[in-house]
file input19.pdb (PDB, C-alpha atoms)
ATOM      1  CA  MET A   1     -12.088 -11.505  -6.963
ATOM      2  CA  ALA A   2     -13.529  -8.115  -7.945
ATOM      3  CA  ARG A   3     -11.089  -5.230  -8.027
ATOM      4  CA  TYR A   4     -11.335  -1.578  -8.958
ATOM      5  CA  THR A   5     -10.420  -1.111 -12.627
ATOM      6  CA  GLY A   6     -11.118   2.596 -13.064
ATOM      7  CA  ALA A   7      -8.741   5.567 -13.073
ATOM      8  CA  ASP A   8      -6.295   5.496 -10.143
ATOM      9  CA  CYS A   9      -6.087   9.293 -10.034
ATOM     10  CA  ARG A  10      -9.806   9.450  -9.354
ATOM     11  CA  LEU A  11      -9.256   7.508  -6.119
ATOM     12  CA  CYS A  12      -6.643  10.027  -4.959
ATOM     13  CA  ARG A  13      -9.047  12.891  -5.633
ATOM     14  CA  ARG A  14     -11.844  11.063  -3.830
ATOM     15  CA  GLU A  15      -9.706  10.638  -0.712
ATOM     16  CA  GLY A  16      -8.218  14.125  -0.953
ATOM     17  CA  SER A  17      -4.621  12.848  -0.731
ATOM     18  CA  LYS A  18      -2.005  11.084  -2.843
ATOM     19  CA  LEU A  19      -2.192   7.306  -2.531
ATOM     20  CA  PHE A  20       0.835   6.651  -4.793
ATOM     21  CA  LEU A  21      -1.067   4.151  -6.923
ATOM     22  CA  LYS A  22       0.873   4.840 -10.132
ATOM     23  CA  GLY A  23       4.462   4.529  -8.961
ATOM     24  CA  GLU A  24       6.978   7.106 -10.190
ATOM     25  CA  ARG A  25       4.282   9.126 -11.965
ATOM     26  CA  CYS A  26       2.918  10.125  -8.544
ATOM     27  CA  THR A  27       6.218  11.817  -7.617
ATOM     28  CA  SER A  28       6.723  13.520 -10.990
ATOM     29  CA  ASN A  29       5.248  16.682 -12.494
ATOM     30  CA  LYS A  30       2.862  14.425 -14.443
ATOM     31  CA  CYS A  31       0.862  13.703 -11.298
ATOM     32  CA  THR A  32      -2.744  14.700 -12.034
ATOM     33  CA  PHE A  33      -3.493  15.256  -8.347
ATOM     34  CA  ASP A  34      -0.744  17.882  -7.977
ATOM     35  CA  ARG A  35      -1.547  19.555 -11.268
ATOM     36  CA  ARG A  36      -5.227  19.896 -10.452
ATOM     37  CA  ALA A  37      -4.459  21.092  -6.938
ATOM     38  CA  ALA A  38      -2.170  23.780  -8.350
ATOM     39  CA  SER A  39      -4.806  24.931 -10.844
ATOM     40  CA  GLN A  40      -7.478  25.051  -8.105
ATOM     41  CA  GLY A  41      -5.423  26.805  -5.458
ATOM     42  CA  LYS A  42      -4.493  23.689  -3.461
ATOM     43  CA  LYS A  43      -8.123  23.037  -2.512
ATOM     44  CA  GLU A  44      -9.194  19.539  -1.546
ATOM     45  CA  LEU A  45      -9.972  17.657  -4.731
ATOM     46  CA  THR A  46     -12.971  15.403  -5.218
ATOM     47  CA  PRO A  47     -14.192  14.045  -8.561
ATOM     48  CA  GLY A  48     -17.576  14.797 -10.081
ATOM     49  CA  PRO A  49     -19.871  17.815 -10.444
ATOM     50  CA  LYS A  50     -20.405  18.182  -6.680
ATOM     51  CA  ALA A  51     -16.724  18.878  -6.035
ATOM     52  CA  GLN A  52     -17.309  22.584  -5.337
ATOM     53  CA  MET A  53     -20.214  22.009  -2.902
ATOM     54  CA  LYS A  54     -19.581  22.285   0.825
ATOM     55  CA  ILE A  55     -20.780  19.020   2.340
ATOM     56  CA  LYS A  56     -20.820  18.519   6.090
ATOM     57  CA  VAL A  57     -18.992  15.305   6.893
ATOM     58  CA  THR A  58     -20.476  13.243   9.704
ATOM     59  CA  GLU A  59     -18.449  11.299  12.245
ATOM     60  CA  TYR A  60     -19.326   8.100  10.398
ATOM     61  CA  GLY A  61     -18.304   9.726   7.109
ATOM     62  CA  GLN A  62     -14.871  10.608   8.508
ATOM     63  CA  GLN A  63     -14.374   7.070   9.785
ATOM     64  CA  LEU A  64     -15.445   5.592   6.453
ATOM     65  CA  ARG A  65     -13.104   7.844   4.470
ATOM     66  CA  GLU A  66     -10.116   6.797   6.608
ATOM     67  CA  LYS A  67     -10.976   3.147   6.048
ATOM     68  CA  GLN A  68     -11.429   3.576   2.305
ATOM     69  CA  LYS A  69      -8.195   5.532   2.021
ATOM     70  CA  THR A  70      -6.235   2.773   3.771
ATOM     71  CA  LYS A  71      -7.849  -0.024   1.740
ATOM     72  CA  ARG A  72      -7.025   1.756  -1.511
ATOM     73  CA  PHE A  73      -3.483   2.598  -0.420
ATOM     74  CA  TYR A  74      -2.690  -1.097   0.113
ATOM     75  CA  GLY A  75      -5.012  -2.428  -2.602
ATOM     76  CA  VAL A  76      -7.042  -4.784  -0.408
ATOM     77  CA  LEU A  77     -10.754  -5.561  -0.395
ATOM     78  CA  GLU A  78     -13.184  -5.286   2.519
ATOM     79  CA  ARG A  79     -13.097  -8.917   3.645
ATOM     80  CA  GLN A  80      -9.291  -8.971   3.770
ATOM     81  CA  PHE A  81      -9.140  -5.588   5.456
ATOM     82  CA  LYS A  82     -11.572  -6.559   8.197
ATOM     83  CA  GLY A  83      -9.534  -9.712   8.705
ATOM     84  CA  TYR A  84      -6.461  -7.588   9.486
ATOM     85  CA  TYR A  85      -8.517  -5.560  11.966
ATOM     86  CA  GLU A  86      -9.761  -8.710  13.705
ATOM     87  CA  GLU A  87      -6.231 -10.123  13.932
ATOM     88  CA  ALA A  88      -5.006  -6.806  15.350
ATOM     89  CA  VAL A  89      -7.741  -6.866  18.008
ATOM     90  CA  ARG A  90      -6.575 -10.311  19.137
ATOM     91  CA  SER A  91      -2.989  -9.131  19.536
ATOM     92  CA  LYS A  92      -1.561  -7.445  22.641
ATOM     93  CA  GLU A  93      -0.307  -4.476  20.637
ATOM     94  CA  VAL A  94      -2.089  -1.176  19.968
ATOM     95  CA  THR A  95      -4.872  -2.244  17.597
ATOM     96  CA  GLY A  96      -4.509   0.512  14.989
ATOM     97  CA  GLU A  97      -0.733   0.244  14.773
ATOM     98  CA  LYS A  98      -0.853  -3.552  14.628
ATOM     99  CA  MET A  99      -3.367  -3.414  11.768
ATOM    100  CA  LEU A 100      -1.109  -1.105   9.740
ATOM    101  CA  LYS A 101       1.892  -3.301  10.531
ATOM    102  CA  LEU A 102       0.075  -6.370   9.179
ATOM    103  CA  LEU A 103      -0.714  -4.473   5.980
ATOM    104  CA  GLU A 104       2.907  -3.345   5.629
ATOM    105  CA  LEU A 105       4.157  -6.910   6.048
ATOM    106  CA  ARG A 106       2.125  -8.242   3.118
ATOM    107  CA  LEU A 107       4.546  -9.683   0.567
ATOM    108  CA  ASP A 108       3.316  -7.449  -2.256
ATOM    109  CA  ASN A 109       3.900  -4.351  -0.104
ATOM    110  CA  VAL A 110       7.368  -5.525   0.953
ATOM    111  CA  VAL A 111       8.294  -6.124  -2.716
ATOM    112  CA  TYR A 112       7.139  -2.553  -3.400
ATOM    113  CA  ARG A 113       9.059  -1.130  -0.428
ATOM    114  CA  MET A 114      12.220  -2.843  -1.697
ATOM    115  CA  GLY A 115      11.799  -1.079  -5.029
ATOM    116  CA  ILE A 116      11.281  -4.261  -7.047
ATOM    117  CA  GLY A 117       7.903  -3.004  -8.255
ATOM    118  CA  ALA A 118       7.182   0.618  -9.169
ATOM    119  CA  SER A 119       3.756   0.469  -7.498
ATOM    120  CA  ARG A 120       1.837  -1.889  -5.250
ATOM    121  CA  ASP A 121      -0.246  -3.024  -8.219
ATOM    122  CA  GLU A 122       2.898  -3.903 -10.161
ATOM    123  CA  SER A 123       4.424  -5.603  -7.118
ATOM    124  CA  ARG A 124       1.257  -7.657  -6.650
ATOM    125  CA  GLN A 125       1.521  -8.771 -10.266
ATOM    126  CA  ILE A 126       5.191  -9.715  -9.836
ATOM    127  CA  VAL A 127       4.274 -11.919  -6.867
ATOM    128  CA  ASN A 128       1.242 -13.406  -8.638
ATOM    129  CA  HIS A 129       3.362 -14.394 -11.637
ATOM    130  CA  GLY A 130       5.717 -16.423  -9.462
ATOM    131  CA  HIS A 131       8.848 -14.259  -9.694
ATOM    132  CA  ILE A 132       9.493 -14.112  -5.934
ATOM    133  CA  GLN A 133      11.035 -16.463  -3.392
ATOM    134  CA  VAL A 134      10.867 -16.078   0.394
ATOM    135  CA  ASN A 135      13.631 -17.887   2.284
ATOM    136  CA  GLY A 136      14.313 -19.988  -0.803
ATOM    137  CA  LYS A 137      10.691 -21.076  -1.299
ATOM    138  CA  ASN A 138       8.463 -19.981  -4.169
ATOM    139  CA  VAL A 139       5.604 -17.765  -2.975
ATOM    140  CA  ASN A 140       2.931 -16.395  -5.305
ATOM    141  CA  ILE A 141       0.446 -15.140  -2.705
ATOM    142  CA  PRO A 142       0.463 -11.311  -2.440
ATOM    143  CA  SER A 143      -1.072 -11.366   1.062
ATOM    144  CA  TYR A 144       1.629 -13.719   2.425
ATOM    145  CA  GLN A 145       2.867 -12.313   5.747
ATOM    146  CA  VAL A 146       6.634 -11.887   5.941
ATOM    147  CA  SER A 147       8.585 -11.643   9.185
ATOM    148  CA  ALA A 148      11.739  -9.932  10.404
ATOM    149  CA  GLY A 149      14.758 -11.813   9.072
ATOM    150  CA  ASP A 150      13.033 -13.124   5.925
ATOM    151  CA  ILE A 151      15.061 -13.079   2.704
ATOM    152  CA  ILE A 152      13.162 -11.914  -0.380
ATOM    153  CA  LYS A 153      14.714 -12.555  -3.780
ATOM    154  CA  ILE A 154      13.960 -12.768  -7.465
ATOM    155  CA  LYS A 155      13.929 -16.386  -8.617
ATOM    156  CA  ASP A 156      17.157 -17.323 -10.425
ATOM    157  CA  THR A 157      15.164 -18.508 -13.447
ATOM    158  CA  LYS A 158      13.517 -15.070 -13.719
ATOM    159  CA  LYS A 159      16.592 -12.854 -13.380
ATOM    160  CA  ALA A 160      17.134 -12.808 -17.154
ATOM    161  CA  ASN A 161      13.728 -11.142 -17.561
ATOM    162  CA  LYS A 162      14.184  -7.682 -19.096
ATOM    163  CA  PHE A 163      12.297  -6.070 -16.229
ATOM    164  CA  PHE A 164      14.789  -7.401 -13.670
ATOM    165  CA  THR A 165      17.948  -6.875 -15.766
ATOM    166  CA  GLU A 166      17.021  -3.180 -15.898
ATOM    167  CA  LEU A 167      16.693  -3.215 -12.108
ATOM    168  CA  LYS A 168      20.222  -4.594 -11.619
ATOM    169  CA  GLY A 169      22.627  -2.071 -10.164
ATOM    170  CA  ALA A 170      19.964   0.611  -9.727
ATOM    171  CA  LYS A 171      20.184   2.927  -6.732
ATOM    172  CA  ILE A 172      17.100   2.208  -4.646
ATOM    173  CA  VAL A 173      16.083   4.090  -1.515
ATOM    174  CA  THR A 174      14.262   1.802   0.901
ATOM    175  CA  PRO A 175      12.689   2.310   4.339
ATOM    176  CA  LYS A 176      15.032   1.495   7.211
ATOM    177  CA  TRP A 177      13.176  -1.725   8.060
ATOM    178  CA  VAL A 178      14.008  -3.386   4.715
ATOM    179  CA  SER A 179      17.115  -3.596   2.527
ATOM    180  CA  PHE A 180      17.633  -4.566  -1.098
ATOM    181  CA  ASP A 181      20.809  -5.449  -2.998
ATOM    182  CA  SER A 182      20.030  -4.530  -6.603
ATOM    183  CA  ALA A 183      23.188  -6.281  -7.832
ATOM    184  CA  LYS A 184      22.094  -9.629  -6.388
ATOM    185  CA  LEU A 185      18.356  -8.901  -6.669
ATOM    186  CA  THR A 186      17.973  -9.978  -3.061
ATOM    187  CA  GLY A 187      16.441  -8.164  -0.124
ATOM    188  CA  LYS A 188      15.924  -8.671   3.581
ATOM    189  CA  VAL A 189      13.271  -7.700   6.105
ATOM    190  CA  ILE A 190      15.507  -6.212   8.779
ATOM    191  CA  SER A 191      12.779  -5.608  11.352
ATOM    192  CA  GLU A 192       9.065  -5.069  11.685
ATOM    193  CA  PRO A 193       7.990  -1.532  10.724
ATOM    194  CA  THR A 194       6.997   0.951  13.424
ATOM    195  CA  ARG A 195       4.196   3.503  13.050
ATOM    196  CA  GLU A 196       6.816   6.155  12.258
ATOM    197  CA  ASP A 197       8.055   4.036   9.335
ATOM    198  CA  ILE A 198       4.618   4.000   7.669
ATOM    199  CA  ASP A 199       4.127   6.994   5.393
ATOM    200  CA  LEU A 200       0.345   6.707   5.072
ATOM    201  CA  GLN A 201      -1.343   9.828   6.443
ATOM    202  CA  VAL A 202      -4.299   8.152   8.098
ATOM    203  CA  LYS A 203      -6.043   8.352  11.474
ATOM    204  CA  GLU A 204      -6.220   4.650  12.183
ATOM    205  CA  ASN A 205      -8.089   5.237  15.440
ATOM    206  CA  LEU A 206     -11.121   6.300  13.385
ATOM    207  CA  ILE A 207     -11.040   2.951  11.538
ATOM    208  CA  ILE A 208     -10.963   1.104  14.858
ATOM    209  CA  GLU A 209     -13.921   3.170  16.087
ATOM    210  CA  LEU A 210     -15.837   2.320  12.907
ATOM    211  CA  TYR A 211     -15.339  -1.436  13.279
ATOM    212  CA  SER A 212     -15.953  -1.321  17.039
ATOM    213  CA  LYS A 213     -19.551  -0.138  16.667
TER     214      LYS A 213
END

call {"tool": "encode", "arguments": {"input": "input19.pdb", "output": "C-alpha cells"}}
result
Amino acid sequence: MARYTGADCRLCRREGSKLFLKGERCTSNKCTFDRRAASQGKKELTPGPKAQMKIKVTEYGQQLREKQKTKRFYGVLERQFKGYYEEAVRSKEVTGEKMLKLLELRLDNVVYRMGIGASRDESRQIVNHGHIQVNGKNVNIPSYQVSAGDIIKIKDTKKANKFFTELKGAKIVTPKWVSFDSAKLTGKVISEPTREDIDLQVKENLIIELYSK
C-alpha cells in the first residue's frame, strides 16, 4: 500500500494548520510550523515558491483541502477514507460526525489517544508489529474498529520491551472517552467520542458535500 514518505512538516504547511504528525515535537518549540509562522508574521504557510501568491480558492478547492487535511491527520488513504464516508451515510447519525467518529475509533488512533504511541504513525507501527491486544485477543490491524467498553493492553510478552518499560508509571493525559493505566499498561474505551471530543479543526460538512456530488 502506497503511503506518503516525504517531510511531515510539509503536509502541515500545505494544509495551513498543525496536523500533529510528529508527536511531541509538534507541541514543542522545535515545531517547524510554529517557527515559520512566527518568522512570517503568523501568515498561512504553504510550501513552494508560490507561497506568497494570492490564489483564489474555489468551492471545490475548499472541499478538497478539508478532505486532504482529515486524511492526513488520521493517516488513511483515499479508498479507506471514502469507505468511512459510505458507512457514515448508511448510519442514522449525522453523516459528518459519524465519519469522524469512525476515524477516531480506529485502533491505531485509540492507541495514540491513550498515549501508548507518540504519534499516529508510531501507534500504527505498534499495532502492526503485534504489540496490542483488544479484549484479550491479538490484533495487528490498525484500522480495526474498537467499541465502548473494549480493553486495550500491551501484550504481556511485549511489556519487557524498552519502549514500554519507559512508558510504565508515566503521567498521561487522555481524552475523557478513553483511559489508560500506565502502571498496568492497560487502557479502556469508556465511551464513543463526541464531536466536541475530536480536536481536529475541520469543516466536515464540506467533505460530505464533496462526496455527495

call {"tool": "atom_distance", "arguments": {"input": "input19.pdb", "atom1": "atom CA of Glu192 of chain A", "atom2": "atom CA of Val110 of chain A"}}
result
10.9 Å

call {"tool": "atom_distance", "arguments": {"input": "input19.pdb", "atom1": "atom CA of Gly169 of chain A", "atom2": "atom CA of Lys153 of chain A"}}
result
14.6 Å

call {"tool": "closest_residue", "arguments": {"input": "input19.pdb", "among": "A:Leu64, A:Leu102, A:Val202, A:Ala148", "to": "Val178 of chain A", "atoms": "all atoms listed in the file"}}
result
A:Ala148

call {"tool": "atom_distance", "arguments": {"input": "input19.pdb", "atom1": "atom CA of Ile151 of chain A", "atom2": "atom CA of Asn128 of chain A"}}
result
17.9 Å

call {"tool": "residues_near_point", "arguments": {"input": "input19.pdb", "point": "(-7.0, -6.2, 3.6)", "cutoff": "10 Å", "atoms": "only C-alpha atoms", "output": "PyMOL selection string"}}
result
chain A and resi 70-72+74-85+99-100+102-103+106+143

call {"tool": "resolve_selection", "arguments": {"input": "input19.pdb", "expression": "the PyMOL selection byres ((chain A and resi 114) around 8)", "output": "PyMOL selection string"}}
result
chain A and resi 110-113+115-117+172-175+178-180+187

call {"tool": "resolve_selection", "arguments": {"input": "input19.pdb", "expression": "the PyMOL selection byres ((chain A and resi 168) around 12)", "output": "list in words"}}
result
Gly115, Ile116, Ile154, Lys159, Ala160, Asn161, Lys162, Phe163, Phe164, Thr165, Glu166, Leu167, Gly169, Ala170, Lys171, Ile172, Phe180, Asp181, Ser182, Ala183, Lys184, Leu185 and Thr186 of chain A
